[in-house]
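Okay, entry_18.cif now, which holds mmCIF, C-alpha atoms, pLDDT in the B column; chains and numbers go by the auth columns:
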data_coords
#
loop_
_atom_site.group_PDB
_atom_site.id
_atom_site.type_symbol
_atom_site.label_atom_id
_atom_site.label_comp_id
_atom_site.label_asym_id
_atom_site.label_seq_id
_atom_site.Cartn_x
_atom_site.Cartn_y
_atom_site.Cartn_z
_atom_site.B_iso_or_equiv
_atom_site.auth_seq_id
_atom_site.auth_asym_id
ATOM 1 C CA LEU A 1 0.000 0.000 0.000 92.00 1 A
ATOM 2 C CA LYS A 2 1.123 3.526 -0.691 94.00 2 A
ATOM 3 C CA TYR A 3 -0.398 6.490 1.149 95.00 3 A
ATOM 4 C CA ILE A 4 -0.519 9.829 -0.670 96.00 4 A
ATOM 5 C CA GLY A 5 -0.902 12.783 1.676 95.00 5 A
ATOM 6 C CA SER A 6 -0.341 16.520 1.512 94.00 6 A
ATOM 7 C CA ASN A 7 3.394 16.011 2.099 95.00 7 A
ATOM 8 C CA GLU A 8 3.836 13.983 -1.136 95.00 8 A
ATOM 9 C CA THR A 9 6.526 15.356 -3.436 95.00 9 A
ATOM 10 C CA ASP A 10 5.499 13.647 -6.689 95.00 10 A
ATOM 11 C CA PRO A 11 3.297 16.113 -8.640 96.00 11 A
ATOM 12 C CA PHE A 12 1.492 13.289 -10.478 96.00 12 A
ATOM 13 C CA LEU A 13 0.484 11.557 -7.234 96.00 13 A
ATOM 14 C CA LEU A 14 -0.599 14.896 -5.754 96.00 14 A
ATOM 15 C CA SER A 15 -2.808 15.481 -8.795 96.00 15 A
ATOM 16 C CA LEU A 16 -4.357 12.011 -8.314 96.00 16 A
ATOM 17 C CA ARG A 17 -5.080 12.877 -4.676 96.00 17 A
ATOM 18 C CA LYS A 18 -6.697 16.163 -5.681 95.00 18 A
ATOM 19 C CA GLN A 19 -8.725 14.420 -8.401 96.00 19 A
ATOM 20 C CA GLN A 20 -10.074 11.843 -5.946 96.00 20 A
ATOM 21 C CA TRP A 21 -10.917 14.630 -3.499 95.00 21 A
ATOM 22 C CA GLY A 22 -13.000 16.248 -6.220 94.00 22 A
ATOM 23 C CA ASN A 23 -14.696 12.927 -7.043 95.00 23 A
ATOM 24 C CA LEU A 24 -16.076 12.587 -3.511 95.00 24 A
ATOM 25 C CA SER A 25 -19.653 13.614 -2.850 94.00 25 A
ATOM 26 C CA ASP A 26 -20.202 16.890 -0.984 91.00 26 A
ATOM 27 C CA LYS A 27 -21.365 15.009 2.133 92.00 27 A
ATOM 28 C CA ALA A 28 -18.256 12.786 2.067 93.00 28 A
ATOM 29 C CA ARG A 29 -15.934 15.824 1.815 92.00 29 A
ATOM 30 C CA GLU A 30 -17.722 17.491 4.751 89.00 30 A
ATOM 31 C CA GLN A 31 -16.814 14.547 6.994 88.00 31 A
ATOM 32 C CA PHE A 32 -13.114 15.382 6.664 89.00 32 A
ATOM 33 C CA PHE A 33 -13.782 18.763 8.287 86.00 33 A
ATOM 34 C CA TRP A 34 -15.535 17.413 11.384 83.00 34 A
ATOM 35 C CA ALA A 35 -13.937 18.719 14.561 78.00 35 A
ATOM 36 C CA GLU A 36 -14.802 15.648 16.625 73.00 36 A
ATOM 37 C CA THR A 37 -12.278 12.874 17.063 72.00 37 A
ATOM 38 C CA PRO A 38 -13.255 9.586 15.375 73.00 38 A
ATOM 39 C CA LYS A 39 -14.838 7.061 17.790 78.00 39 A
ATOM 40 C CA SER A 40 -15.488 9.776 20.374 77.00 40 A
ATOM 41 C CA PRO A 41 -18.917 9.873 22.024 79.00 41 A
ATOM 42 C CA VAL A 42 -21.564 11.718 20.062 71.00 42 A
ATOM 43 C CA ILE A 43 -22.335 15.141 21.431 70.00 43 A
ATOM 44 C CA GLU A 44 -25.504 16.716 20.113 68.00 44 A
ATOM 45 C CA SER A 45 -24.214 19.249 17.645 58.00 45 A
ATOM 46 C CA SER A 46 -24.481 22.863 18.509 53.00 46 A
ATOM 47 C CA SER A 47 -24.945 25.496 15.858 50.00 47 A
ATOM 48 C CA SER A 48 -21.356 26.715 16.348 48.00 48 A
ATOM 49 C CA SER A 49 -19.714 23.333 15.602 52.00 49 A
ATOM 50 C CA SER A 50 -21.832 22.597 12.537 56.00 50 A
ATOM 51 C CA SER A 51 -21.291 26.093 11.144 60.00 51 A
ATOM 52 C CA SER A 52 -17.505 25.561 11.080 77.00 52 A
ATOM 53 C CA ILE A 53 -17.911 22.735 8.550 82.00 53 A
ATOM 54 C CA PRO A 54 -17.694 24.151 5.036 85.00 54 A
ATOM 55 C CA PRO A 55 -20.799 22.976 3.136 87.00 55 A
ATOM 56 C CA GLY A 56 -19.731 20.396 0.574 85.00 56 A
ATOM 57 C CA GLY A 57 -16.069 21.105 1.296 88.00 57 A
ATOM 58 C CA ARG A 58 -16.438 24.288 -0.747 89.00 58 A
ATOM 59 C CA ASP A 59 -15.618 27.952 -0.147 87.00 59 A
ATOM 60 C CA GLU A 60 -18.079 30.875 -0.278 88.00 60 A
ATOM 61 C CA ASN A 61 -17.797 30.988 -4.095 90.00 61 A
ATOM 62 C CA GLY A 62 -18.582 27.293 -4.482 87.00 62 A
ATOM 63 C CA LYS A 63 -15.009 26.269 -5.391 92.00 63 A
ATOM 64 C CA LEU A 64 -13.624 23.081 -3.832 90.00 64 A
ATOM 65 C CA LEU A 65 -11.347 23.629 -0.877 89.00 65 A
ATOM 66 C CA GLN A 66 -7.966 21.937 -0.883 92.00 66 A
ATOM 67 C CA PRO A 67 -8.045 18.463 0.682 93.00 67 A
ATOM 68 C CA PRO A 68 -7.252 18.635 4.408 91.00 68 A
ATOM 69 C CA ASP A 69 -4.105 16.935 5.712 91.00 69 A
ATOM 70 C CA ILE A 70 -6.133 14.042 7.108 90.00 70 A
ATOM 71 C CA PHE A 71 -7.326 13.075 3.593 94.00 71 A
ATOM 72 C CA LEU A 72 -5.075 10.329 2.250 95.00 72 A
ATOM 73 C CA LEU A 73 -5.235 8.598 -1.109 96.00 73 A
ATOM 74 C CA VAL A 74 -4.385 4.915 -0.744 96.00 74 A
ATOM 75 C CA LEU A 75 -2.909 3.092 -3.729 95.00 75 A
ATOM 76 C CA LEU A 76 -3.024 -0.684 -3.764 94.00 76 A
ATOM 77 C CA GLN A 77 -0.361 -2.277 -5.929 89.00 77 A
ATOM 78 C CA PRO A 78 -1.205 -5.984 -6.244 92.00 78 A
ATOM 79 C CA SER A 79 1.386 -8.466 -7.437 92.00 79 A
ATOM 80 C CA SER A 80 -1.088 -11.258 -8.163 94.00 80 A
ATOM 81 C CA CYS A 81 -4.778 -11.989 -8.432 94.00 81 A
ATOM 82 C CA ASP A 82 -6.548 -15.342 -8.195 95.00 82 A
ATOM 83 C CA TYR A 83 -10.004 -15.002 -9.774 94.00 83 A
ATOM 84 C CA LEU A 84 -12.608 -17.744 -9.359 95.00 84 A
ATOM 85 C CA ARG A 85 -16.087 -17.522 -10.836 95.00 85 A
ATOM 86 C CA LEU A 86 -18.256 -20.293 -9.385 94.00 86 A
ATOM 87 C CA THR A 87 -21.168 -19.937 -11.813 94.00 87 A
ATOM 88 C CA ASP A 88 -19.218 -21.577 -14.635 93.00 88 A
ATOM 89 C CA ASN A 89 -16.062 -22.838 -12.829 90.00 89 A
ATOM 90 C CA PHE A 90 -13.809 -20.280 -14.497 93.00 90 A
ATOM 91 C CA ARG A 91 -10.494 -19.623 -12.757 93.00 91 A
ATOM 92 C CA GLN A 92 -7.718 -17.325 -13.827 93.00 92 A
ATOM 93 C CA TYR A 93 -4.466 -16.603 -12.026 93.00 93 A
ATOM 94 C CA ASP A 94 -2.709 -13.358 -12.964 92.00 94 A
ATOM 95 C CA SER A 95 0.737 -12.367 -11.768 93.00 95 A
ATOM 96 C CA LEU A 96 2.690 -9.189 -12.355 92.00 96 A
ATOM 97 C CA LEU A 97 5.841 -9.846 -14.331 90.00 97 A
ATOM 98 C CA PRO A 98 8.970 -8.405 -12.721 85.00 98 A
ATOM 99 C CA SER A 99 10.190 -5.306 -14.498 75.00 99 A
ATOM 100 C CA PRO A 100 13.895 -5.160 -15.368 64.00 100 A
ATOM 101 C CA ALA A 101 14.380 -2.134 -13.087 57.00 101 A
ATOM 102 C CA SER A 102 12.439 -3.690 -10.222 47.00 102 A
ATOM 103 C CA THR A 103 14.363 -4.495 -7.089 41.00 103 A
ATOM 104 C CA THR A 104 11.365 -5.766 -5.130 41.00 104 A
ATOM 105 C CA ALA A 105 11.276 -9.385 -4.132 39.00 105 A
ATOM 106 C CA THR A 106 8.481 -11.531 -5.482 40.00 106 A
ATOM 107 C CA SER A 107 5.524 -12.378 -3.277 40.00 107 A
ATOM 108 C CA SER A 108 6.286 -14.665 -0.371 40.00 108 A
ATOM 109 C CA ASN A 109 2.718 -15.953 -0.175 44.00 109 A
ATOM 110 C CA GLU A 110 2.977 -19.620 0.750 43.00 110 A
ATOM 111 C CA ASN A 111 0.068 -20.434 -1.542 45.00 111 A
ATOM 112 C CA ASP A 112 1.846 -19.065 -4.620 46.00 112 A
ATOM 113 C CA ASN A 113 3.478 -22.423 -5.307 45.00 113 A
ATOM 114 C CA ASP A 114 0.061 -24.078 -5.475 44.00 114 A
ATOM 115 C CA LEU A 115 -1.078 -21.485 -7.999 44.00 115 A
ATOM 116 C CA LYS A 116 1.822 -21.873 -10.421 46.00 116 A
ATOM 117 C CA GLU A 117 0.074 -24.463 -12.496 42.00 117 A
ATOM 118 C CA SER A 118 1.914 -26.650 -14.955 40.00 118 A
ATOM 119 C CA PRO A 119 1.271 -25.961 -18.649 41.00 119 A
ATOM 120 C CA SER A 120 -0.894 -29.084 -18.902 40.00 120 A
ATOM 121 C CA THR A 121 -3.508 -27.529 -16.585 46.00 121 A
ATOM 122 C CA CYS A 122 -3.615 -24.154 -18.340 47.00 122 A
ATOM 123 C CA ASN A 123 -6.155 -23.610 -21.060 53.00 123 A
ATOM 124 C CA THR A 124 -4.770 -20.193 -21.994 76.00 124 A
ATOM 125 C CA VAL A 125 -1.641 -18.267 -21.096 83.00 125 A
ATOM 126 C CA GLU A 126 -1.087 -14.725 -22.300 85.00 126 A
ATOM 127 C CA VAL A 127 0.750 -11.568 -21.314 85.00 127 A
ATOM 128 C CA VAL A 128 -1.396 -8.436 -21.023 84.00 128 A
ATOM 129 C CA ASP A 129 0.114 -5.108 -19.916 83.00 129 A
ATOM 130 C CA ASN A 130 2.999 -6.759 -18.025 87.00 130 A
ATOM 131 C CA TRP A 131 0.675 -9.323 -16.398 88.00 131 A
ATOM 132 C CA LEU A 132 0.990 -13.056 -16.990 91.00 132 A
ATOM 133 C CA CYS A 133 -2.610 -14.280 -17.245 90.00 133 A
ATOM 134 C CA SER A 134 -3.189 -18.016 -16.921 90.00 134 A
ATOM 135 C CA ARG A 135 -6.526 -19.767 -17.279 90.00 135 A
ATOM 136 C CA VAL A 136 -6.253 -22.685 -14.853 87.00 136 A
ATOM 137 C CA ASN A 137 -8.471 -25.498 -13.614 86.00 137 A
ATOM 138 C CA PRO A 138 -10.579 -24.564 -10.604 84.00 138 A
#

Encoded form using structure tokens:
Amino acid sequence: LKYIGSNETDPFLLSLRKQQWGNLSDKAREQFFWAETPKSPVIESSSSSSSSIPPGGRDENGKLLQPPDIFLLVLLQPSSCDYLRLTDNFRQYDSLLPSPASTTATSSNENDNDLKESPSTCNTVEVVDNWLCSRVNP
């Protein structure tokens, strides 16, 4: 997992964070401006605390406010995916091919050895966008 916060230095990742902030509904953005601590007891809101929340996470002119520091974009970077569809017994195992510049070790999942099927059990094997996709028996 990679967390993208306001302290990120990569301009592309910062633009992704800002884009996702804009994609949230107004009500979802408002929640990031709540003053109360998460999991704290509910205190009936007074007019002063609810008035400090910018409606829709927008300023007086209706423009989106910048995402607050507590808003993080989380990027999941999977290295493999085991897909099983029970309705027709379709199973496909996809694994990310190591890039030449990659220095990351391959997955240490103990079940990976079970999923590396021999060619006799694969109906189809293809490479799509740096992923090795294997149709395997369920």

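Using only C-alpha atoms, the nearest neighbour of Asn7 of chain A within the list A:Leu97, A:Ile70, A:Leu84, A:Leu75 is A:Ile70.
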
Requested in this report: Write out as a PyMOL selection string the residues lying within 12 Å of Leu65 of chain A, counting all atoms listed in the file and excluding same-chain residues fewer than 5 positions away.
Outcome: chain A and resi 18+21-22+26+29-30+32-33+53-60

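For the point (-2.2, -12.7, -12.7), the residues with an atom at a distance of at most 9 Å are Ser79, Ser80, Cys81, Asp82, Tyr83, Gln92, Tyr93, Asp94, Ser95, Leu96, Leu97, Trp131, Leu132, Cys133 and Ser134 of chain A, counting only C-alpha atoms.
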
Report task. Within 9 Å of Leu1 of chain A, counting only C-alpha atoms, which residues show up once you throw out same-chain ones fewer than 5 positions away? Write them as a ChimeraX atom specification, please. Result -> /A:74-78

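Going from atom CA of Asp69 of chain A to atom CA of Leu24 of chain A covers 15.7 Å.
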
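Of note, atom CA of Glu8 of chain A and atom CA of Ser52 of chain A are spaced 27.2 Å apart.
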
Report summary line: Computed gap from atom CA of Trp34 of chain A to atom CA of Gln20 of chain A is 19.0 Å
